[in-house]
$ cat protein_13.tsv   # TSV, C-alpha atoms and all ligand atoms
chain	number	residue	atom	x	y	z
A	1	MET	CA	25.15	0.13	0.34
A	2	GLY	CA	22.24	-0.58	2.68
A	3	LYS	CA	23.16	-2.58	5.75
A	4	LEU	CA	21.90	-6.15	5.96
A	5	THR	CA	20.96	-7.27	9.48
A	6	ILE	CA	20.17	-10.93	10.12
A	7	CYS	CA	17.99	-11.20	13.21
A	8	ASP	CA	19.55	-14.35	14.59
A	9	HIS	CA	17.96	-14.47	18.05
A	10	PRO	CA	17.39	-18.15	18.95
A	11	LEU	CA	13.65	-17.63	19.46
A	12	ILE	CA	13.32	-16.11	16.00
A	13	GLN	CA	15.29	-18.94	14.43
A	14	HIS	CA	13.29	-21.59	16.32
A	15	LYS	CA	9.97	-20.15	15.22
A	16	LEU	CA	11.19	-19.60	11.66
A	17	THR	CA	11.88	-23.33	11.38
A	18	HIS	CA	8.25	-24.05	12.28
A	19	ILE	CA	7.10	-21.41	9.78
A	20	ARG	CA	9.09	-23.18	7.05
A	21	ASP	CA	7.68	-26.62	7.92
A	22	LYS	CA	5.16	-27.72	5.30
A	23	GLN	CA	3.20	-29.51	8.05
A	24	THR	CA	2.47	-26.19	9.81
A	25	ASN	CA	-1.17	-25.32	9.22
A	26	THR	CA	-2.57	-21.91	8.32
A	27	LYS	CA	-3.55	-20.97	11.86
A	28	ASN	CA	-0.15	-21.81	13.30
A	29	PHE	CA	1.67	-20.26	10.35
A	30	ARG	CA	-0.15	-16.97	10.92
A	31	GLU	CA	0.50	-17.03	14.66
A	32	LEU	CA	4.19	-17.78	14.20
A	33	VAL	CA	4.66	-15.02	11.61
A	34	ASP	CA	2.96	-12.62	14.00
A	35	GLU	CA	5.30	-13.62	16.85
A	36	VAL	CA	8.44	-13.37	14.73
A	37	ALA	CA	7.36	-9.96	13.45
A	38	THR	CA	7.09	-8.74	17.05
A	39	MET	CA	10.57	-9.99	17.87
A	40	MET	CA	12.07	-8.51	14.71
A	41	ALA	CA	10.52	-5.17	15.62
A	42	TYR	CA	12.99	-5.04	18.53
A	43	GLU	CA	15.87	-5.16	16.03
A	44	ILE	CA	14.41	-2.53	13.76
A	45	THR	CA	13.84	-0.10	16.59
A	46	ARG	CA	17.18	-0.77	18.27
A	47	ASN	CA	18.75	2.49	17.09
A	48	LEU	CA	15.83	4.84	17.60
A	49	PRO	CA	17.12	8.00	19.28
A	50	LEU	CA	16.26	8.55	22.93
A	51	GLU	CA	15.87	11.77	24.88
A	52	PRO	CA	15.88	12.43	28.62
A	53	ALA	CA	12.49	12.49	30.35
A	54	PRO	CA	11.86	13.40	33.98
A	55	VAL	CA	9.97	10.77	35.96
A	56	SER	CA	8.87	10.60	39.61
A	57	THR	CA	9.04	7.12	41.05
A	58	PRO	CA	7.43	6.31	44.42
A	59	VAL	CA	10.95	6.75	45.87
A	60	ALA	CA	12.53	9.72	44.11
A	61	ASP	CA	12.57	12.03	41.13
A	62	ALA	CA	14.72	10.73	38.30
A	63	VAL	CA	15.55	11.26	34.67
A	64	GLY	CA	14.49	8.40	32.44
A	65	LYS	CA	14.61	8.06	28.65
A	66	VAL	CA	11.87	8.10	26.04
A	67	ILE	CA	11.98	7.68	22.28
A	68	ALA	CA	12.73	11.06	20.77
A	69	GLY	CA	9.65	11.69	18.70
A	70	ARG	CA	10.62	9.67	15.62
A	71	LYS	CA	7.35	8.72	13.96
A	72	LEU	CA	7.04	5.34	12.30
A	73	GLY	CA	4.92	3.99	9.50
A	74	LEU	CA	4.44	0.38	8.47
A	75	VAL	CA	3.92	-0.42	4.81
A	76	PRO	CA	2.94	-4.04	4.24
A	77	VAL	CA	3.20	-5.32	0.68
A	78	LEU	CA	-0.11	-7.08	-0.03
A	79	ARG	CA	-0.99	-9.73	0.52
A	80	ALA	CA	1.55	-11.55	2.61
A	81	GLY	CA	2.99	-8.48	4.32
A	82	LEU	CA	-0.33	-8.03	6.12
A	83	GLY	CA	0.53	-10.98	8.32
A	84	MET	CA	3.42	-9.08	9.90
A	85	VAL	CA	1.60	-5.87	10.76
A	86	ASP	CA	-0.19	-6.75	14.00
A	87	GLY	CA	2.96	-8.28	15.47
A	88	ILE	CA	4.85	-5.01	14.99
A	89	LEU	CA	1.95	-2.87	16.19
A	90	LYS	CA	2.04	-4.74	19.52
A	91	LEU	CA	5.32	-2.93	20.21
A	92	ILE	CA	4.67	0.27	18.28
A	93	PRO	CA	0.93	0.90	18.57
A	94	ALA	CA	1.21	4.52	17.42
A	95	ALA	CA	2.65	3.59	14.04
A	96	LYS	CA	0.44	4.38	11.07
A	97	VAL	CA	-0.10	1.79	8.38
A	98	GLY	CA	-0.01	2.28	4.62
A	99	HIS	CA	-0.54	-0.41	2.02
A	100	ILE	CA	1.06	-1.23	-1.30
A	101	GLY	CA	-0.60	-3.92	-3.42
A	102	LEU	CA	1.77	-5.83	-5.68
A	103	TYR	CA	1.77	-9.25	-7.20
A	104	ARG	CA	4.42	-11.06	-9.15
A	105	ASP	CA	3.50	-11.90	-12.70
A	106	PRO	CA	4.00	-15.68	-12.69
A	107	ASP	CA	5.62	-15.69	-16.15
A	108	THR	CA	7.90	-12.66	-16.04
A	109	LEU	CA	8.28	-12.54	-12.21
A	110	SER	CA	7.97	-8.75	-12.57
A	111	PRO	CA	5.90	-6.92	-9.94
A	112	VAL	CA	2.50	-5.51	-10.94
A	113	GLU	CA	1.22	-2.68	-8.73
A	114	TYR	CA	-2.54	-2.56	-8.10
A	115	TYR	CA	-3.01	-0.47	-4.94
A	116	VAL	CA	-1.28	2.29	-2.99
A	117	ASN	CA	-2.63	4.00	0.11
A	118	LEU	CA	-0.24	5.82	2.46
A	119	PRO	CA	-0.60	7.94	5.60
A	120	THR	CA	-0.91	11.62	4.67
A	121	ASP	CA	2.27	12.41	6.64
A	122	ALA	CA	4.23	9.47	5.20
A	123	THR	CA	7.09	11.71	4.09
A	124	GLU	CA	7.78	12.66	7.73
A	125	ARG	CA	7.92	9.08	8.96
A	126	LEU	CA	10.48	6.33	9.10
A	127	LEU	CA	8.72	3.78	6.90
A	128	VAL	CA	9.17	0.05	7.43
A	129	VAL	CA	8.25	-1.91	4.31
A	130	VAL	CA	7.18	-5.39	5.43
A	131	ASP	CA	6.94	-8.51	3.30
A	132	PRO	CA	7.81	-12.04	4.41
A	133	MET	CA	9.67	-12.89	1.19
A	134	LEU	CA	12.52	-11.14	-0.62
A	135	ALA	CA	13.01	-13.38	-3.64
A	136	THR	CA	14.11	-11.70	-6.89
A	137	GLY	CA	13.72	-8.39	-5.07
A	138	GLY	CA	11.43	-7.05	-7.77
A	139	SER	CA	8.49	-6.46	-5.40
A	140	ALA	CA	10.60	-4.88	-2.66
A	141	CYS	CA	12.41	-2.59	-5.13
A	142	ALA	CA	9.08	-1.55	-6.64
A	143	ALA	CA	7.52	-0.89	-3.22
A	144	VAL	CA	10.48	1.26	-2.16
A	145	GLN	CA	10.37	3.14	-5.47
A	146	THR	CA	6.64	3.79	-4.99
A	147	LEU	CA	7.43	5.40	-1.62
A	148	LYS	CA	10.33	7.43	-3.01
A	149	ASP	CA	8.17	8.64	-5.92
A	150	ARG	CA	5.82	10.12	-3.29
A	151	GLY	CA	8.64	11.94	-1.51
A	152	CYS	CA	9.44	9.45	1.26
A	153	THR	CA	13.12	9.38	2.18
A	154	GLN	CA	13.48	7.29	5.35
A	155	ILE	CA	12.80	3.69	4.43
A	156	VAL	CA	13.87	0.29	5.79
A	157	LEU	CA	12.86	-3.17	4.61
A	158	MET	CA	11.85	-6.04	6.90
A	159	CYS	CA	11.44	-9.59	5.56
A	160	LEU	CA	11.43	-13.06	7.08
A	161	ILE	CA	13.41	-14.87	4.39
A	162	ALA	CA	15.60	-13.45	1.63
A	163	ALA	CA	17.41	-14.95	-1.32
A	164	PRO	CA	20.89	-13.57	-2.01
A	165	GLU	CA	19.56	-12.30	-5.36
A	166	GLY	CA	16.88	-10.22	-3.63
A	167	VAL	CA	19.30	-8.71	-1.14
A	168	LYS	CA	21.62	-7.72	-3.98
A	169	ALA	CA	18.79	-6.22	-6.04
A	170	VAL	CA	17.68	-3.97	-3.17
A	171	GLN	CA	21.24	-3.01	-2.26
A	172	ASP	CA	22.00	-2.15	-5.90
A	173	LYS	CA	18.81	-0.19	-6.62
A	174	HIS	CA	18.21	1.36	-3.21
A	175	PRO	CA	21.57	1.63	-1.42
A	176	ASP	CA	20.03	3.95	1.17
A	177	VAL	CA	17.63	1.25	2.44
A	178	ASP	CA	18.71	-0.98	5.32
A	179	ILE	CA	17.40	-4.56	5.22
A	180	PHE	CA	16.35	-6.70	8.21
A	181	VAL	CA	15.74	-10.41	7.70
A	182	ALA	CA	15.52	-13.53	9.84
A	183	ALA	CA	17.42	-15.63	7.28
A	184	VAL	CA	19.21	-15.46	3.95
A	185	ASP	CA	18.60	-18.74	2.14
A	186	GLU	CA	20.60	-20.52	-0.52
A	187	LYS	CA	19.11	-19.50	-3.86
A	188	LEU	CA	16.06	-19.09	-6.09
A	189	ASN	CA	14.69	-21.99	-8.10
A	190	GLU	CA	13.62	-21.78	-11.75
A	191	HIS	CA	10.18	-20.49	-10.70
A	192	GLY	CA	11.63	-17.68	-8.61
A	193	TYR	CA	10.86	-19.42	-5.31
A	194	ILE	CA	13.31	-19.21	-2.45
A	195	VAL	CA	15.13	-22.49	-1.70
A	196	PRO	CA	14.48	-23.84	0.90
A	197	GLY	CA	12.23	-20.88	1.80
A	198	LEU	CA	8.73	-21.60	3.01
A	199	GLY	CA	6.73	-21.89	-0.22
A	200	ASP	CA	4.16	-19.30	-1.21
A	201	ALA	CA	3.85	-16.95	1.75
A	202	GLY	CA	0.48	-15.47	0.73
A	203	ASP	CA	-1.11	-18.86	0.16
A	204	ARG	CA	0.20	-20.26	3.43
A	205	MET	CA	-0.88	-17.16	5.36
A	206	PHE	CA	-4.40	-17.05	4.00
A	207	GLY	CA	-5.05	-20.72	3.26
A	208	THR	CA	-5.47	-20.22	-0.46
A	209	LYS	CA	-4.34	-23.17	-2.62
B	1	LIG	C1	5.27	-12.73	-2.82
B	1	LIG	C2	5.90	-12.10	-1.60
B	1	LIG	C3	6.57	-10.88	-2.18
B	1	LIG	C4	7.02	-11.37	-3.54
B	1	LIG	C5	8.49	-11.65	-3.48
B	1	LIG	O1	4.11	-12.08	-3.15
B	1	LIG	O2	4.98	-11.81	-0.59
B	1	LIG	O3	5.73	-9.76	-2.29
B	1	LIG	O4	6.30	-12.57	-3.81
B	1	LIG	O5	8.97	-11.99	-4.73
B	1	LIG	P1	10.01	-11.08	-5.53
B	1	LIG	O6	11.07	-10.68	-4.56
B	1	LIG	O7	10.52	-12.00	-6.60
B	1	LIG	O8	9.27	-9.92	-6.11
B	1	LIG	P2	3.17	-12.58	-4.38
B	1	LIG	O9	3.57	-11.92	-5.64
B	1	LIG	O10	3.14	-14.07	-4.39
B	1	LIG	O11	1.76	-11.96	-4.02
B	1	LIG	P3	0.75	-12.32	-2.84
B	1	LIG	O12	1.36	-11.87	-1.55
B	1	LIG	O13	-0.46	-11.54	-3.19
B	1	LIG	O14	0.51	-13.81	-2.86
B	2	LIG	N1	7.08	-15.41	-3.07
B	2	LIG	C1	6.78	-16.35	-2.15
B	2	LIG	O1	5.70	-16.31	-1.54
B	2	LIG	N2	7.67	-17.32	-1.91
B	2	LIG	C2	8.85	-17.39	-2.55
B	2	LIG	O2	9.64	-18.31	-2.27
B	2	LIG	C3	9.14	-16.41	-3.51
B	2	LIG	C4	8.24	-15.44	-3.74

$ encode --input "protein_13.tsv" --output "structure tokens"
Amino acid sequence: MGKLTICDHPLIQHKLTHIRDKQTNTKNFRELVDEVATMMAYEITRNLPLEPAPVSTPVADAVGKVIAGRKLGLVPVLRAGLGMVDGILKLIPAAKVGHIGLYRDPDTLSPVEYYVNLPTDATERLLVVVDPMLATGGSACAAVQTLKDRGCTQIVLMCLIAAPEGVKAVQDKHPDVDIFVAAVDEKLNEHGYIVPGLGDAGDRMFGTK
């Protein structure tokens, strides 16, 4: 089963509370999501392999460490995942970015795919699928399947808020995918929204509705 990591750093939790707040306006919502994405990127990259690298300081020659050539790719799920990309790129500017367009059918809650564009070398990269919300898990499972169908094998999922149902769905369908979240909330409501959650992530990010 994929490992679930809850990024419980106090700064992440503090900012997440402001993200949840219905009084937070679009500008602040976007800025806070960007900041939390940067901090969560530390967790996701925590286990990247290092290799020795010689370095000459002003005082002496030494052997430092650099990341051992593992290439990353970010794959935001449109729309709301876009809001997490720049925050991660601040730490990993060399990452390439693919896009998967999905929306949830409001009646069936099933994901509908409308766009896929990936880096040409996506199969060689560790791909981080980013989406603020993991609700039923339908969108995340579909996004991961889209990547696997194209030959990608190294995939992790990064979300701000998950419902237990979404975590279970990903762990059941894609047991090879580790999941990083800032919080696991209580449940889904009858409309498939996370409770307490933050509402509709795409609408709050882009000021629609
Ligand atoms: C939201 C969210 C996820 C999905 C999660 O997107 O950003 O992609 O719902 O729900 P699920 O786990 O039940 O699939 P939405 O479908 O609202 O599209 P949008 O980002 O374009 O608004
Ligand atoms: N998508 C959202 O944007 N919010 C939820 O709570 C569930 C799905």

$ closest_residue --input "protein_13.tsv" --among "A:Leu126, A:Leu4, A:Ala183, A:Ala80" --to "Gly197 in chain A" --atoms "only C-alpha atoms"
A:Ala183

$ axis_aligned_box --input "protein_13.tsv" --around "ligand LIG 1 (chain B)" --padding-each-side "6 Å" --output "AutoDock Vina command-line options"
--center_x 5.3 --center_y -11.9 --center_z -3.6 --size_x 23.5 --size_y 16.3 --size_z 18.0

$ closest_atom_pairs --input "protein_13.tsv" --of "chain A" --to "ligand LIG 2 (chain B)" --cutoff "6 Å" --atoms "all atoms listed in the file" --output "Markdown table"
| residue | atom | partner | partner_atom | distance |
| --- | --- | --- | --- | --- |
| A:Met133 | CA | B:LIG2 | N1 | 5.6 |
| A:Ala135 | CA | B:LIG2 | C3 | 4.9 |
| A:Gly192 | CA | B:LIG2 | C3 | 5.8 |
| A:Tyr193 | CA | B:LIG2 | O2 | 3.5 |
| A:Ile194 | CA | B:LIG2 | O2 | 3.8 |
| A:Gly197 | CA | B:LIG2 | O2 | 5.5 |
| A:Gly199 | CA | B:LIG2 | N2 | 5.0 |
| A:Asp200 | CA | B:LIG2 | O1 | 3.4 |
| A:Ala201 | CA | B:LIG2 | O1 | 3.8 |
| A:Gly202 | CA | B:LIG2 | O1 | 5.8 |

$ residues_around --input "protein_13.tsv" --residues "Glu31 in chain A" --least-positions-apart "3" --cutoff "12 Å" --atoms "all atoms listed in the file" --output "list in words"
Lys15, Leu16, His18, Ile19, Thr24, Asn25, Thr26, Lys27, Asn28, Asp34, Glu35, Val36, Ala37, Thr38, Gly83, Met84, Val85, Asp86, Gly87, Arg204, Met205 and Phe206 of chain A

$ write_last_selection --input "protein_13.tsv" --atoms "C-alpha atoms" --output "mmCIF file, in the frame of the given file"
data_model
loop_
_atom_site.group_PDB
_atom_site.id
_atom_site.type_symbol
_atom_site.label_atom_id
_atom_site.label_comp_id
_atom_site.auth_asym_id
_atom_site.auth_seq_id
_atom_site.Cartn_x
_atom_site.Cartn_y
_atom_site.Cartn_z
ATOM 1 C CA LYS A 15 9.970 -20.150 15.220
ATOM 2 C CA LEU A 16 11.190 -19.600 11.660
ATOM 3 C CA HIS A 18 8.250 -24.050 12.280
ATOM 4 C CA ILE A 19 7.100 -21.410 9.780
ATOM 5 C CA THR A 24 2.470 -26.190 9.810
ATOM 6 C CA ASN A 25 -1.170 -25.320 9.220
ATOM 7 C CA THR A 26 -2.570 -21.910 8.320
ATOM 8 C CA LYS A 27 -3.550 -20.970 11.860
ATOM 9 C CA ASN A 28 -0.150 -21.810 13.300
ATOM 10 C CA ASP A 34 2.960 -12.620 14.000
ATOM 11 C CA GLU A 35 5.300 -13.620 16.850
ATOM 12 C CA VAL A 36 8.440 -13.370 14.730
ATOM 13 C CA ALA A 37 7.360 -9.960 13.450
ATOM 14 C CA THR A 38 7.090 -8.740 17.050
ATOM 15 C CA GLY A 83 0.530 -10.980 8.320
ATOM 16 C CA MET A 84 3.420 -9.080 9.900
ATOM 17 C CA VAL A 85 1.600 -5.870 10.760
ATOM 18 C CA ASP A 86 -0.190 -6.750 14.000
ATOM 19 C CA GLY A 87 2.960 -8.280 15.470
ATOM 20 C CA ARG A 204 0.200 -20.260 3.430
ATOM 21 C CA MET A 205 -0.880 -17.160 5.360
ATOM 22 C CA PHE A 206 -4.400 -17.050 4.000
#

$ closest_residue --input "protein_13.tsv" --among "A:Gly207, A:His9, A:Leu72, A:Lys187" --to "Gln154 in chain A" --atoms "all atoms listed in the file"
A:Leu72

$ residues_around --input "protein_13.tsv" --residues "Val181 in chain A" --least-positions-apart "6" --cutoff "9 Å" --atoms "only C-alpha atoms" --output "PyMOL selection string"
chain A and resi 4-8+40+132+134+157-162

$ build_atoms --input "protein_13.tsv" --residues "range 22-33 of chain A" --atoms "all heavy atoms" --output "PDB file, in the frame of the given file"
ATOM      1  N   LYS A  22       6.374 -27.592   6.117  1.00  0.00           N
ATOM      2  CA  LYS A  22       5.160 -27.720   5.300  1.00  0.00           C
ATOM      3  C   LYS A  22       3.994 -28.317   6.071  1.00  0.00           C
ATOM      4  O   LYS A  22       2.853 -28.234   5.642  1.00  0.00           O
ATOM      5  CB  LYS A  22       5.451 -28.523   4.027  1.00  0.00           C
ATOM      6  CG  LYS A  22       5.820 -29.958   4.246  1.00  0.00           C
ATOM      7  CD  LYS A  22       6.123 -30.626   2.916  1.00  0.00           C
ATOM      8  CE  LYS A  22       6.500 -32.082   3.141  1.00  0.00           C
ATOM      9  NZ  LYS A  22       6.971 -32.720   1.908  1.00  0.00           N
ATOM     10  N   GLN A  23       4.287 -28.947   7.226  1.00  0.00           N
ATOM     11  CA  GLN A  23       3.200 -29.510   8.050  1.00  0.00           C
ATOM     12  C   GLN A  23       2.497 -28.442   8.886  1.00  0.00           C
ATOM     13  O   GLN A  23       1.443 -28.700   9.478  1.00  0.00           O
ATOM     14  CB  GLN A  23       3.754 -30.562   9.028  1.00  0.00           C
ATOM     15  CG  GLN A  23       4.578 -31.659   8.402  1.00  0.00           C
ATOM     16  CD  GLN A  23       3.719 -32.675   7.654  1.00  0.00           C
ATOM     17  OE1 GLN A  23       2.511 -32.503   7.544  1.00  0.00           O
ATOM     18  NE2 GLN A  23       4.359 -33.690   7.122  1.00  0.00           N
ATOM     19  N   THR A  24       3.077 -27.251   8.979  1.00  0.00           N
ATOM     20  CA  THR A  24       2.470 -26.190   9.810  1.00  0.00           C
ATOM     21  C   THR A  24       1.200 -25.686   9.121  1.00  0.00           C
ATOM     22  O   THR A  24       1.247 -25.271   7.962  1.00  0.00           O
ATOM     23  CB  THR A  24       3.481 -25.044  10.013  1.00  0.00           C
ATOM     24  OG1 THR A  24       4.607 -25.576  10.726  1.00  0.00           O
ATOM     25  CG2 THR A  24       2.876 -23.894  10.799  1.00  0.00           C
ATOM     26  N   ASN A  25       0.095 -25.715   9.861  1.00  0.00           N
ATOM     27  CA  ASN A  25      -1.170 -25.320   9.220  1.00  0.00           C
ATOM     28  C   ASN A  25      -1.331 -23.791   9.205  1.00  0.00           C
ATOM     29  O   ASN A  25      -0.523 -23.056   9.783  1.00  0.00           O
ATOM     30  CB  ASN A  25      -2.364 -26.017   9.910  1.00  0.00           C
ATOM     31  CG  ASN A  25      -2.542 -25.580  11.353  1.00  0.00           C
ATOM     32  OD1 ASN A  25      -2.115 -24.494  11.745  1.00  0.00           O
ATOM     33  ND2 ASN A  25      -3.170 -26.425  12.162  1.00  0.00           N
ATOM     34  N   THR A  26      -2.376 -23.356   8.532  1.00  0.00           N
ATOM     35  CA  THR A  26      -2.570 -21.910   8.320  1.00  0.00           C
ATOM     36  C   THR A  26      -2.642 -21.140   9.627  1.00  0.00           C
ATOM     37  O   THR A  26      -2.010 -20.090   9.781  1.00  0.00           O
ATOM     38  CB  THR A  26      -3.855 -21.679   7.503  1.00  0.00           C
ATOM     39  OG1 THR A  26      -3.733 -22.405   6.294  1.00  0.00           O
ATOM     40  CG2 THR A  26      -4.065 -20.216   7.189  1.00  0.00           C
ATOM     41  N   LYS A  27      -3.388 -21.674  10.579  1.00  0.00           N
ATOM     42  CA  LYS A  27      -3.550 -20.970  11.860  1.00  0.00           C
ATOM     43  C   LYS A  27      -2.195 -20.804  12.552  1.00  0.00           C
ATOM     44  O   LYS A  27      -1.826 -19.701  12.987  1.00  0.00           O
ATOM     45  CB  LYS A  27      -4.505 -21.772  12.756  1.00  0.00           C
ATOM     46  CG  LYS A  27      -4.627 -21.249  14.170  1.00  0.00           C
ATOM     47  CD  LYS A  27      -5.600 -22.108  14.967  1.00  0.00           C
ATOM     48  CE  LYS A  27      -5.703 -21.646  16.415  1.00  0.00           C
ATOM     49  NZ  LYS A  27      -4.502 -21.956  17.197  1.00  0.00           N
ATOM     50  N   ASN A  28      -1.438 -21.892  12.629  1.00  0.00           N
ATOM     51  CA  ASN A  28      -0.150 -21.810  13.300  1.00  0.00           C
ATOM     52  C   ASN A  28       0.854 -20.974  12.515  1.00  0.00           C
ATOM     53  O   ASN A  28       1.665 -20.249  13.096  1.00  0.00           O
ATOM     54  CB  ASN A  28       0.415 -23.217  13.555  1.00  0.00           C
ATOM     55  CG  ASN A  28      -0.404 -23.952  14.597  1.00  0.00           C
ATOM     56  OD1 ASN A  28      -1.105 -23.322  15.391  1.00  0.00           O
ATOM     57  ND2 ASN A  28      -0.353 -25.266  14.586  1.00  0.00           N
ATOM     58  N   PHE A  29       0.777 -21.064  11.198  1.00  0.00           N
ATOM     59  CA  PHE A  29       1.670 -20.260  10.350  1.00  0.00           C
ATOM     60  C   PHE A  29       1.453 -18.779  10.659  1.00  0.00           C
ATOM     61  O   PHE A  29       2.399 -18.031  10.899  1.00  0.00           O
ATOM     62  CB  PHE A  29       1.353 -20.564   8.877  1.00  0.00           C
ATOM     63  CG  PHE A  29       2.253 -19.879   7.890  1.00  0.00           C
ATOM     64  CD1 PHE A  29       3.409 -20.495   7.431  1.00  0.00           C
ATOM     65  CD2 PHE A  29       1.942 -18.608   7.402  1.00  0.00           C
ATOM     66  CE1 PHE A  29       4.242 -19.866   6.502  1.00  0.00           C
ATOM     67  CE2 PHE A  29       2.773 -17.981   6.477  1.00  0.00           C
ATOM     68  CZ  PHE A  29       3.919 -18.608   6.027  1.00  0.00           C
ATOM     69  N   ARG A  30       0.183 -18.386  10.671  1.00  0.00           N
ATOM     70  CA  ARG A  30      -0.150 -16.970  10.920  1.00  0.00           C
ATOM     71  C   ARG A  30       0.321 -16.527  12.308  1.00  0.00           C
ATOM     72  O   ARG A  30       0.893 -15.449  12.461  1.00  0.00           O
ATOM     73  CB  ARG A  30      -1.672 -16.831  10.819  1.00  0.00           C
ATOM     74  CG  ARG A  30      -2.122 -15.603  10.120  1.00  0.00           C
ATOM     75  CD  ARG A  30      -3.619 -15.528  10.109  1.00  0.00           C
ATOM     76  NE  ARG A  30      -4.213 -16.218   8.987  1.00  0.00           N
ATOM     77  CZ  ARG A  30      -5.346 -16.916   9.037  1.00  0.00           C
ATOM     78  NH1 ARG A  30      -6.011 -17.038  10.167  1.00  0.00           N
ATOM     79  NH2 ARG A  30      -5.832 -17.482   7.963  1.00  0.00           N
ATOM     80  N   GLU A  31       0.097 -17.392  13.295  1.00  0.00           N
ATOM     81  CA  GLU A  31       0.500 -17.030  14.660  1.00  0.00           C
ATOM     82  C   GLU A  31       2.019 -16.897  14.779  1.00  0.00           C
ATOM     83  O   GLU A  31       2.535 -15.982  15.423  1.00  0.00           O
ATOM     84  CB  GLU A  31      -0.015 -18.075  15.659  1.00  0.00           C
ATOM     85  CG  GLU A  31      -1.512 -17.975  15.880  1.00  0.00           C
ATOM     86  CD  GLU A  31      -2.080 -19.116  16.710  1.00  0.00           C
ATOM     87  OE1 GLU A  31      -1.306 -19.993  17.174  1.00  0.00           O
ATOM     88  OE2 GLU A  31      -3.311 -19.141  16.880  1.00  0.00           O
ATOM     89  N   LEU A  32       2.725 -17.814  14.123  1.00  0.00           N
ATOM     90  CA  LEU A  32       4.190 -17.780  14.200  1.00  0.00           C
ATOM     91  C   LEU A  32       4.753 -16.555  13.484  1.00  0.00           C
ATOM     92  O   LEU A  32       5.688 -15.908  13.978  1.00  0.00           O
ATOM     93  CB  LEU A  32       4.766 -19.067  13.592  1.00  0.00           C
ATOM     94  CG  LEU A  32       4.596 -20.333  14.443  1.00  0.00           C
ATOM     95  CD1 LEU A  32       4.726 -21.588  13.591  1.00  0.00           C
ATOM     96  CD2 LEU A  32       5.618 -20.342  15.580  1.00  0.00           C
ATOM     97  N   VAL A  33       4.185 -16.218  12.335  1.00  0.00           N
ATOM     98  CA  VAL A  33       4.660 -15.020  11.610  1.00  0.00           C
ATOM     99  C   VAL A  33       4.423 -13.778  12.476  1.00  0.00           C
ATOM    100  O   VAL A  33       5.284 -12.895  12.579  1.00  0.00           O
ATOM    101  CB  VAL A  33       3.948 -14.895  10.246  1.00  0.00           C
ATOM    102  CG1 VAL A  33       4.224 -13.538   9.616  1.00  0.00           C
ATOM    103  CG2 VAL A  33       4.402 -16.017   9.310  1.00  0.00           C
TER     104      VAL A  33
END
